[in-house]
$ cat query-v4.cif   # mmCIF, C-alpha atoms
data_input
#
loop_
_atom_site.label_atom_id
_atom_site.label_comp_id
_atom_site.auth_asym_id
_atom_site.auth_seq_id
_atom_site.Cartn_x
_atom_site.Cartn_y
_atom_site.Cartn_z
CA SER K 263 60.14 101.41 124.63
CA GLU K 264 62.07 99.71 121.85
CA TYR K 265 62.55 103.03 120.04
CA GLN K 266 64.01 104.66 123.15
CA SER K 267 66.40 101.75 123.62
CA VAL K 268 67.60 102.04 120.02
CA ALA K 269 67.99 105.81 120.34
CA GLN K 270 69.94 105.44 123.58
CA ALA K 271 72.26 102.85 122.03
CA ALA K 272 72.86 105.11 119.04
CA ARG K 273 73.64 108.08 121.30
CA GLU K 274 76.08 106.02 123.35
CA SER K 275 77.82 104.82 120.18
CA VAL K 276 78.11 108.36 118.86
CA GLU K 277 79.55 109.59 122.17
CA CYS K 278 82.07 106.72 122.16
CA ALA K 279 83.04 107.59 118.61
CA LYS K 280 83.51 111.24 119.59
CA ARG K 281 85.84 110.27 122.44
CA GLU K 282 87.89 107.99 120.20
CA LEU K 283 88.12 110.67 117.52
CA GLU K 284 89.24 113.26 120.08
CA GLU K 285 91.96 110.91 121.33
CA ALA K 286 93.12 110.29 117.79
CA ARG K 287 93.07 114.04 117.02
CA ASN K 288 95.23 114.76 120.06
CA SER K 289 97.76 112.16 118.99
CA TYR K 290 97.91 113.75 115.52
CA ILE K 291 98.51 117.18 117.07
CA ASN K 292 101.34 115.81 119.20
CA LEU K 293 102.86 114.13 116.17
CA SER K 294 102.69 117.33 114.13
CA GLN K 295 104.23 119.39 116.95
CA ALA K 296 107.08 116.93 117.36
CA SER K 297 107.70 117.05 113.63
CA SER K 298 107.72 120.86 113.49
CA GLN K 299 110.22 121.05 116.37
CA SER K 300 112.67 118.70 114.70
CA ASN K 301 115.47 119.76 112.39
CA ALA K 302 114.25 117.62 109.51
CA PRO K 303 114.40 119.07 105.99
CA ASP K 304 111.28 120.74 104.61
CA SER K 305 110.58 117.82 102.28
CA GLU K 306 110.45 115.41 105.21
CA LYS K 307 108.17 117.77 107.15
CA ASP K 308 105.81 117.90 104.16
CA THR K 309 105.74 114.11 104.09
CA SER K 310 104.92 113.99 107.82
CA ILE K 311 102.06 116.45 107.34
CA GLN K 312 100.69 114.40 104.44
CA ARG K 313 100.92 111.27 106.59
CA SER K 314 98.95 112.99 109.38
CA MET K 315 96.24 114.02 106.92
CA THR K 316 96.02 110.45 105.66
CA VAL K 317 95.61 109.09 109.18
CA SER K 318 92.90 111.70 109.84
CA ALA K 319 91.03 110.52 106.75
CA LEU K 320 91.35 106.91 107.85
CA GLU K 321 90.01 107.81 111.29
CA LEU K 322 87.02 109.58 109.76
CA GLN K 323 86.38 106.56 107.55
CA HIS K 324 86.72 104.24 110.56
CA GLN K 325 84.04 106.20 112.44
CA GLY K 326 81.86 106.22 109.34
CA PHE K 327 82.01 102.44 109.19
CA LYS K 328 80.88 102.28 112.82
CA ILE K 329 77.88 104.48 112.08
CA VAL K 330 76.86 102.40 109.05
CA GLU K 331 77.25 99.21 111.08
CA ILE K 332 74.97 100.57 113.82
CA LEU K 333 72.31 101.74 111.36
CA ALA K 334 72.39 98.44 109.45
CA SER K 335 72.08 96.44 112.67
CA PHE K 336 68.90 98.31 113.59
CA ASN K 337 67.49 98.27 110.05
CA PRO K 338 68.33 95.18 107.92
CA GLN K 339 67.21 97.03 104.77
CA TYR K 340 69.38 100.07 105.47
CA LEU K 341 71.99 99.38 102.76
CA GLU K 342 69.40 98.29 100.22
CA ASN K 343 67.48 101.55 100.75
CA HIS K 344 70.52 103.87 100.65
CA ASN K 345 72.15 103.65 97.25
CA ASP K 346 74.45 106.59 97.95
CA VAL K 347 76.02 104.71 100.88
CA VAL K 348 76.41 101.53 98.82
CA ARG K 349 78.02 103.48 95.96
CA ALA K 350 80.56 104.93 98.38
CA LEU K 351 81.32 101.50 99.85
CA ARG K 352 81.77 99.96 96.40
CA TRP K 353 84.01 102.83 95.32
CA LEU K 354 86.21 102.29 98.37
CA TRP K 355 86.27 98.54 97.73
CA ARG K 356 87.53 99.11 94.17
CA SER K 357 89.95 101.90 95.05
CA ARG K 358 93.70 101.60 94.64
CA GLY K 359 94.17 103.16 98.07
CA ARG K 360 92.38 100.30 99.83
CA HIS K 361 94.36 97.80 97.76
CA TYR K 362 97.63 99.48 98.71
CA ARG K 363 96.76 99.65 102.41
CA LEU K 364 95.84 95.96 102.47
CA LEU K 365 99.19 95.03 100.93
CA HIS K 366 101.17 97.37 103.20
CA GLU K 367 99.49 96.99 106.56
CA GLU K 368 102.79 97.62 108.32
CA GLU K 369 102.63 101.27 107.20
CA ILE K 370 99.41 102.08 109.06
CA SER K 371 98.12 101.67 112.60
CA PRO K 372 96.57 98.28 113.46
CA ARG K 373 93.42 100.25 114.27
CA TYR K 374 92.79 100.57 110.52
CA HIS K 375 93.74 97.07 109.39
CA CYS K 376 90.06 96.07 109.34
CA GLU K 377 89.19 98.43 106.44
CA SER K 378 88.91 95.74 103.75
CA LEU K 379 87.24 93.30 106.14
CA ALA K 380 84.57 95.87 107.08
CA LEU K 381 83.91 96.75 103.45
CA GLY K 382 83.65 93.08 102.50
CA LYS K 383 81.10 92.45 105.26
CA PHE K 384 79.04 95.48 104.20
CA LEU K 385 78.94 94.33 100.58
CA VAL K 386 78.04 90.77 101.55
CA ARG K 387 75.19 92.11 103.67
CA TYR K 388 74.04 94.30 100.80
CA ALA K 389 74.18 91.36 98.35
CA GLN K 390 72.07 89.29 100.75
CA GLU K 391 69.45 92.04 100.95
CA ASN K 392 69.43 92.96 97.26
CA THR K 393 69.77 89.77 95.22
CA LYS K 394 68.71 91.64 92.07
CA ASP K 395 72.09 93.39 91.97
CA THR K 396 74.24 90.52 90.69
CA ASP K 397 77.06 92.87 89.68
CA VAL K 398 78.13 93.15 93.32
CA LEU K 399 79.23 89.50 93.18
CA PHE K 400 81.83 90.40 90.57
CA ASP K 401 82.97 93.23 92.85
CA LEU K 402 83.43 90.84 95.76
CA ILE K 403 85.78 88.48 93.92
CA ARG K 404 88.26 91.35 93.54
CA ILE K 405 89.61 90.59 96.99
CA PHE K 406 91.00 87.26 95.77
CA LEU K 407 93.02 88.98 93.03
CA GLN K 408 95.39 90.22 95.73
CA PRO K 409 98.16 88.33 97.51
CA LEU K 410 97.36 86.73 100.83
CA SER K 411 97.06 89.12 103.77
CA SER K 412 96.59 88.70 107.50
CA VAL K 413 92.82 89.04 106.99
CA ASP K 414 90.66 85.96 106.37
CA PHE K 415 88.23 86.56 103.49
CA SER K 416 87.03 82.96 103.19
CA PHE K 417 83.56 84.12 104.29
CA ILE K 418 83.21 85.90 100.94
CA LYS K 419 84.05 82.73 99.02
CA HIS K 420 81.53 80.70 101.04
CA PHE K 421 78.91 83.37 100.52
CA LEU K 422 79.39 83.42 96.74
CA LEU K 423 79.21 79.64 96.45
CA ASN K 424 76.04 79.54 98.53
CA MET K 425 74.35 82.31 96.56
CA VAL K 426 74.99 80.86 93.10
CA SER K 427 74.13 77.31 94.14
CA SER K 428 71.17 77.72 96.47
CA VAL K 429 69.70 81.22 96.48
CA PHE K 430 69.49 82.72 93.01
CA SER K 431 66.55 82.15 90.70
CA VAL K 432 66.95 80.97 87.10
CA GLU K 433 66.56 84.58 85.93
CA GLN K 434 69.30 85.80 88.27
CA LYS K 435 71.62 82.97 87.22
CA SER K 436 70.98 84.00 83.63
CA GLN K 437 72.04 87.56 84.47
CA ILE K 438 75.27 86.26 86.01
CA LEU K 439 76.07 84.20 82.92
CA GLN K 440 75.39 87.19 80.67
CA ARG K 441 77.69 89.31 82.80
CA PHE K 442 80.35 86.59 82.75
CA SER K 443 80.02 86.21 78.98
CA SER K 444 80.61 89.96 78.57
CA LEU K 445 83.61 89.73 80.87
CA LEU K 446 85.15 86.96 78.77
CA SER K 447 84.93 89.02 75.61
CA SER K 448 86.30 92.16 77.29
CA GLU K 449 89.90 93.28 77.75
CA GLY K 450 89.76 92.62 81.48
CA SER K 451 92.53 90.76 83.27
CA GLU K 452 92.83 87.02 82.86
CA GLU K 453 92.93 86.63 86.64
CA THR K 454 89.49 88.26 86.95
CA LYS K 455 88.06 85.95 84.30
CA ILE K 456 89.52 82.86 85.97
CA LEU K 457 88.19 83.80 89.40
CA SER K 458 84.76 84.61 87.97
CA ALA K 459 84.68 81.16 86.41
CA GLN K 460 85.89 79.40 89.56
CA MET K 461 83.65 81.19 92.06
CA LEU K 462 80.54 82.03 90.04
CA ALA K 463 80.01 80.43 86.65
CA ILE K 464 81.24 76.86 87.18
CA PRO K 465 79.67 76.28 90.65
CA MET K 466 76.39 77.70 89.37
CA LEU K 467 76.31 75.50 86.28
CA LYS K 468 77.23 72.39 88.28
CA ARG K 469 74.32 72.93 90.67
CA SER K 470 71.69 73.88 88.08
CA SER K 471 69.19 71.42 86.70
CA ALA K 472 69.26 70.68 82.98
CA GLY K 473 65.60 71.56 82.71
CA SER K 474 66.06 75.12 83.89
CA ILE K 475 69.14 77.19 83.25
CA PHE K 476 70.60 75.03 80.49
CA LYS K 477 67.63 75.90 78.28
CA ASP K 478 68.18 79.60 78.82
CA HIS K 479 69.40 81.73 75.92
CA SER K 480 72.19 83.18 78.03
CA VAL K 481 73.75 79.72 78.39
CA LYS K 482 73.91 79.43 74.61
CA LEU K 483 75.66 82.80 74.42
CA PHE K 484 78.00 81.73 77.21
CA ILE K 485 79.00 78.53 75.39
CA GLU K 486 79.49 80.43 72.14
CA SER K 487 81.80 82.91 73.90
CA LEU K 488 83.89 80.01 75.19
CA LEU K 489 84.23 78.52 71.72
CA LYS K 490 85.37 81.74 70.06
#
$ encode --input "query-v4.cif" --output "structure tokens"
Amino acid sequence: SEYQSVAQAARESVECAKRELEEARNSYINLSQASSQSNAPDSEKDTSIQRSMTVSALELQHQGFKIVEILASFNPQYLENHNDVVRALRWLWRSRGRHYRLLHEEEISPRYHCESLALGKFLVRYAQENTKDTDVLFDLIRIFLQPLSSVDFSFIKHFLLNMVSSVFSVEQKSQILQRFSSLLSSEGSEETKILSAQMLAIPMLKRSSAGSIFKDHSVKLFIESLLK
């Protein structure tokens, strides 16, 4: 049956993840043993131990991403129905640690270079499923605040442009403008405001009919915030 096929695929994925985790754990043990046998100063040994712990955390996160990907592939509403998972993904996306790792990929194993890419794909999938949560769009543009990396995030830009021009209702567009208006009057970075205008507000206004969104009260507030 279809259920048995799904269950079997999930079991096989879990077993594969267990094998990969065991291989990674063995490599960490070997690294720690080599470090303890060396004549390095205590401070350097402490740094090596901290590095091993960091790699272990990255491996656990890597396996977690695989599990979420499997569950979301079998259930398209998985992310929409599990707010705790989405909160964790958004926290990781905003975290300084992820930002640092993206900018210093040479310091970590290539196995973990896909962290930001995986998170971006999860959040795009969530935004597609839950169009009522327009705040996630402002989360997604964060990736373009950072210098260019080896990862191609153009899919996020295309997604944002498509959503604001073709998918959102007048009410949802109004919510975005209200959020953007609040951003303009806040003490947030100028780069965030510029990107929000370029990727959300301006494309949305250009593709909206005068008889719909331009009569909305939020547009009036938006214009007033620009004139202040």
$ residues_around --input "query-v4.cif" --residues "K:Arg373" --least-positions-apart "3" --cutoff "9 Å" --atoms "all atoms listed in the file" --output "list in words"
Glu321, His324, Ile370 and Cys376 of chain K
$ residues_around --input "query-v4.cif" --residues "stretch 382-398 of chain K" --least-positions-apart "3" --cutoff "8 Å" --atoms "all atoms listed in the file" --output "list of chain:residue names"
K:Pro338, K:Gln339, K:Leu341, K:Glu342, K:Val348, K:Leu351, K:Arg352, K:Trp355, K:Ser378, K:Leu379, K:Asp401, K:Leu402, K:Ile418, K:Phe421, K:Phe430, K:Gln434, K:Gln437, K:Ile438, K:Arg441
$ atom_distance --input "query-v4.cif" --atom1 "atom CA of K:Gln325" --atom2 "atom CA of K:Leu381"
13.0 Å
$ residues_around --input "query-v4.cif" --residues "K:Ala463" --least-positions-apart "3" --cutoff "9 Å" --atoms "all atoms listed in the file" --output "count of residues only"
11
$ residues_around --input "query-v4.cif" --residues "K:Pro372" --least-positions-apart "2" --cutoff "12 Å" --atoms "only C-alpha atoms" --output "JSON, numbers by chain"
{"K": [317, 320, 321, 324, 363, 364, 366, 367, 368, 369, 370, 374, 375, 376, 377, 412, 413]}
$ write_last_selection --input "query-v4.cif" --atoms "C-alpha atoms" --output "PDB file, in the coordinates of the input"
ATOM      1  CA  VAL K 317      95.610 109.090 109.180  1.00  0.00           C
ATOM      2  CA  LEU K 320      91.350 106.910 107.850  1.00  0.00           C
ATOM      3  CA  GLU K 321      90.010 107.810 111.290  1.00  0.00           C
ATOM      4  CA  HIS K 324      86.720 104.240 110.560  1.00  0.00           C
ATOM      5  CA  ARG K 363      96.760  99.650 102.410  1.00  0.00           C
ATOM      6  CA  LEU K 364      95.840  95.960 102.470  1.00  0.00           C
ATOM      7  CA  HIS K 366     101.170  97.370 103.200  1.00  0.00           C
ATOM      8  CA  GLU K 367      99.490  96.990 106.560  1.00  0.00           C
ATOM      9  CA  GLU K 368     102.790  97.620 108.320  1.00  0.00           C
ATOM     10  CA  GLU K 369     102.630 101.270 107.200  1.00  0.00           C
ATOM     11  CA  ILE K 370      99.410 102.080 109.060  1.00  0.00           C
ATOM     12  CA  TYR K 374      92.790 100.570 110.520  1.00  0.00           C
ATOM     13  CA  HIS K 375      93.740  97.070 109.390  1.00  0.00           C
ATOM     14  CA  CYS K 376      90.060  96.070 109.340  1.00  0.00           C
ATOM     15  CA  GLU K 377      89.190  98.430 106.440  1.00  0.00           C
ATOM     16  CA  SER K 412      96.590  88.700 107.500  1.00  0.00           C
ATOM     17  CA  VAL K 413      92.820  89.040 106.990  1.00  0.00           C
TER      18      VAL K 413
END
$ atom_distance --input "query-v4.cif" --atom1 "atom CA of K:Gln408" --atom2 "atom CA of K:Leu365"
8.0 Å
$ atom_distance --input "query-v4.cif" --atom1 "atom CA of K:Ser416" --atom2 "atom CA of K:Arg404"
12.8 Å
$ resolve_selection --input "query-v4.cif" --expression "the PyMOL selection byres ((chain K and resi 407) around 9)" --output "JSON, numbers by chain"
{"K": [403, 404, 405, 406, 408, 409, 453, 454, 457]}
$ closest_residue --input "query-v4.cif" --among "K:Ala319, K:Ile332, K:Leu423, K:Leu462" --to "K:Ser436" --atoms "only C-alpha atoms"
K:Leu462
$ decode --input "query-v4.cif" --residues "stretch 457-472 of chain K" --atoms "all heavy atoms" --output "mmCIF file, in the first residue's frame"
data_model
loop_
_atom_site.group_PDB
_atom_site.id
_atom_site.type_symbol
_atom_site.label_atom_id
_atom_site.label_comp_id
_atom_site.auth_asym_id
_atom_site.auth_seq_id
_atom_site.Cartn_x
_atom_site.Cartn_y
_atom_site.Cartn_z
ATOM 1 N N LEU K 457 16.453 46.889 0.443
ATOM 2 C CA LEU K 457 16.107 45.589 -0.135
ATOM 3 C C LEU K 457 14.604 45.322 -0.060
ATOM 4 O O LEU K 457 14.026 44.744 -0.987
ATOM 5 C CB LEU K 457 16.864 44.479 0.590
ATOM 6 C CG LEU K 457 18.318 44.270 0.171
ATOM 7 C CD1 LEU K 457 18.993 43.257 1.072
ATOM 8 C CD2 LEU K 457 18.393 43.799 -1.279
ATOM 9 N N SER K 458 13.976 45.725 1.029
ATOM 10 C CA SER K 458 12.532 45.543 1.168
ATOM 11 C C SER K 458 11.788 46.330 0.102
ATOM 12 O O SER K 458 10.771 45.868 -0.445
ATOM 13 C CB SER K 458 12.074 45.989 2.561
ATOM 14 O OG SER K 458 12.686 45.210 3.569
ATOM 15 N N ALA K 459 12.298 47.512 -0.206
ATOM 16 C CA ALA K 459 11.684 48.320 -1.265
ATOM 17 C C ALA K 459 11.898 47.675 -2.624
ATOM 18 O O ALA K 459 10.959 47.552 -3.429
ATOM 19 C CB ALA K 459 12.265 49.733 -1.245
ATOM 20 N N GLN K 460 13.118 47.225 -2.891
ATOM 21 C CA GLN K 460 13.462 46.672 -4.204
ATOM 22 C C GLN K 460 12.758 45.347 -4.493
ATOM 23 O O GLN K 460 12.346 45.091 -5.631
ATOM 24 C CB GLN K 460 14.974 46.470 -4.303
ATOM 25 C CG GLN K 460 15.773 47.765 -4.351
ATOM 26 C CD GLN K 460 17.268 47.512 -4.344
ATOM 27 O OE1 GLN K 460 17.735 46.463 -3.900
ATOM 28 N NE2 GLN K 460 18.034 48.475 -4.841
ATOM 29 N N MET K 461 12.639 44.491 -3.479
ATOM 30 C CA MET K 461 12.139 43.137 -3.711
ATOM 31 C C MET K 461 10.674 42.935 -3.341
ATOM 32 O O MET K 461 10.070 41.937 -3.761
ATOM 33 C CB MET K 461 12.990 42.133 -2.943
ATOM 34 C CG MET K 461 14.419 42.083 -3.406
ATOM 35 S SD MET K 461 15.325 40.740 -2.618
ATOM 36 C CE MET K 461 16.913 40.904 -3.441
ATOM 37 N N LEU K 462 10.110 43.858 -2.562
ATOM 38 C CA LEU K 462 8.730 43.674 -2.123
ATOM 39 C C LEU K 462 7.830 44.847 -2.506
ATOM 40 O O LEU K 462 6.901 44.686 -3.309
ATOM 41 C CB LEU K 462 8.693 43.450 -0.607
ATOM 42 C CG LEU K 462 9.389 42.193 -0.084
ATOM 43 C CD1 LEU K 462 9.386 42.162 1.429
ATOM 44 C CD2 LEU K 462 8.739 40.946 -0.646
ATOM 45 N N ALA K 463 8.105 46.009 -1.949
ATOM 46 C CA ALA K 463 7.179 47.129 -2.097
ATOM 47 C C ALA K 463 7.054 47.622 -3.539
ATOM 48 O O ALA K 463 5.945 47.715 -4.080
ATOM 49 C CB ALA K 463 7.618 48.278 -1.186
ATOM 50 N N ILE K 464 8.163 47.942 -4.174
ATOM 51 C CA ILE K 464 8.119 48.518 -5.523
ATOM 52 C C ILE K 464 7.548 47.539 -6.556
ATOM 53 O O ILE K 464 6.649 47.897 -7.329
ATOM 54 C CB ILE K 464 9.513 49.022 -5.938
ATOM 55 C CG1 ILE K 464 9.911 50.207 -5.052
ATOM 56 C CG2 ILE K 464 9.529 49.419 -7.410
ATOM 57 C CD1 ILE K 464 11.313 50.718 -5.296
ATOM 58 N N PRO K 465 8.026 46.274 -6.619
ATOM 59 C CA PRO K 465 7.428 45.333 -7.581
ATOM 60 C C PRO K 465 5.931 45.134 -7.357
ATOM 61 O O PRO K 465 5.169 45.004 -8.321
ATOM 62 C CB PRO K 465 8.197 44.030 -7.330
ATOM 63 C CG PRO K 465 9.485 44.463 -6.724
ATOM 64 C CD PRO K 465 9.150 45.655 -5.890
ATOM 65 N N MET K 466 5.518 45.131 -6.097
ATOM 66 C CA MET K 466 4.102 44.932 -5.797
ATOM 67 C C MET K 466 3.268 46.117 -6.266
ATOM 68 O O MET K 466 2.208 45.949 -6.875
ATOM 69 C CB MET K 466 3.923 44.732 -4.289
ATOM 70 C CG MET K 466 2.499 44.433 -3.870
ATOM 71 S SD MET K 466 2.420 44.062 -2.114
ATOM 72 C CE MET K 466 2.965 45.630 -1.428
ATOM 73 N N LEU K 467 3.744 47.320 -6.016
ATOM 74 C CA LEU K 467 3.011 48.510 -6.441
ATOM 75 C C LEU K 467 2.958 48.624 -7.962
ATOM 76 O O LEU K 467 1.951 49.040 -8.538
ATOM 77 C CB LEU K 467 3.658 49.762 -5.837
ATOM 78 C CG LEU K 467 3.527 49.908 -4.320
ATOM 79 C CD1 LEU K 467 4.357 51.075 -3.818
ATOM 80 C CD2 LEU K 467 2.067 50.092 -3.925
ATOM 81 N N LYS K 468 4.035 48.267 -8.627
ATOM 82 C CA LYS K 468 4.064 48.344 -10.091
ATOM 83 C C LYS K 468 3.055 47.406 -10.733
ATOM 84 O O LYS K 468 2.503 47.698 -11.796
ATOM 85 C CB LYS K 468 5.469 47.998 -10.599
ATOM 86 C CG LYS K 468 6.485 49.121 -10.473
ATOM 87 C CD LYS K 468 7.812 48.697 -11.092
ATOM 88 C CE LYS K 468 8.817 49.837 -11.073
ATOM 89 N NZ LYS K 468 10.113 49.432 -11.693
ATOM 90 N N ARG K 469 2.804 46.266 -10.086
ATOM 91 C CA ARG K 469 1.943 45.250 -10.687
ATOM 92 C C ARG K 469 0.537 45.238 -10.097
ATOM 93 O O ARG K 469 -0.219 44.290 -10.308
ATOM 94 C CB ARG K 469 2.592 43.872 -10.534
ATOM 95 C CG ARG K 469 3.866 43.711 -11.353
ATOM 96 C CD ARG K 469 4.635 42.474 -10.947
ATOM 97 N NE ARG K 469 5.768 42.209 -11.813
ATOM 98 C CZ ARG K 469 6.947 42.831 -11.713
ATOM 99 N NH1 ARG K 469 7.127 43.757 -10.778
ATOM 100 N NH2 ARG K 469 7.939 42.533 -12.537
ATOM 101 N N SER K 470 0.186 46.277 -9.354
ATOM 102 C CA SER K 470 -1.144 46.361 -8.752
ATOM 103 C C SER K 470 -1.998 47.338 -9.537
ATOM 104 O O SER K 470 -1.515 48.372 -10.002
ATOM 105 C CB SER K 470 -1.049 46.812 -7.295
ATOM 106 O OG SER K 470 -0.330 45.879 -6.528
ATOM 107 N N SER K 471 -3.259 47.014 -9.672
ATOM 108 C CA SER K 471 -4.168 47.899 -10.397
ATOM 109 C C SER K 471 -4.560 49.081 -9.527
ATOM 110 O O SER K 471 -4.689 48.973 -8.304
ATOM 111 C CB SER K 471 -5.421 47.135 -10.820
ATOM 112 O OG SER K 471 -6.129 46.681 -9.675
ATOM 113 N N ALA K 472 -4.768 50.218 -10.177
ATOM 114 C CA ALA K 472 -5.122 51.446 -9.450
ATOM 115 C C ALA K 472 -6.447 51.314 -8.729
ATOM 116 O O ALA K 472 -6.693 51.998 -7.733
ATOM 117 C CB ALA K 472 -5.169 52.623 -10.425
#
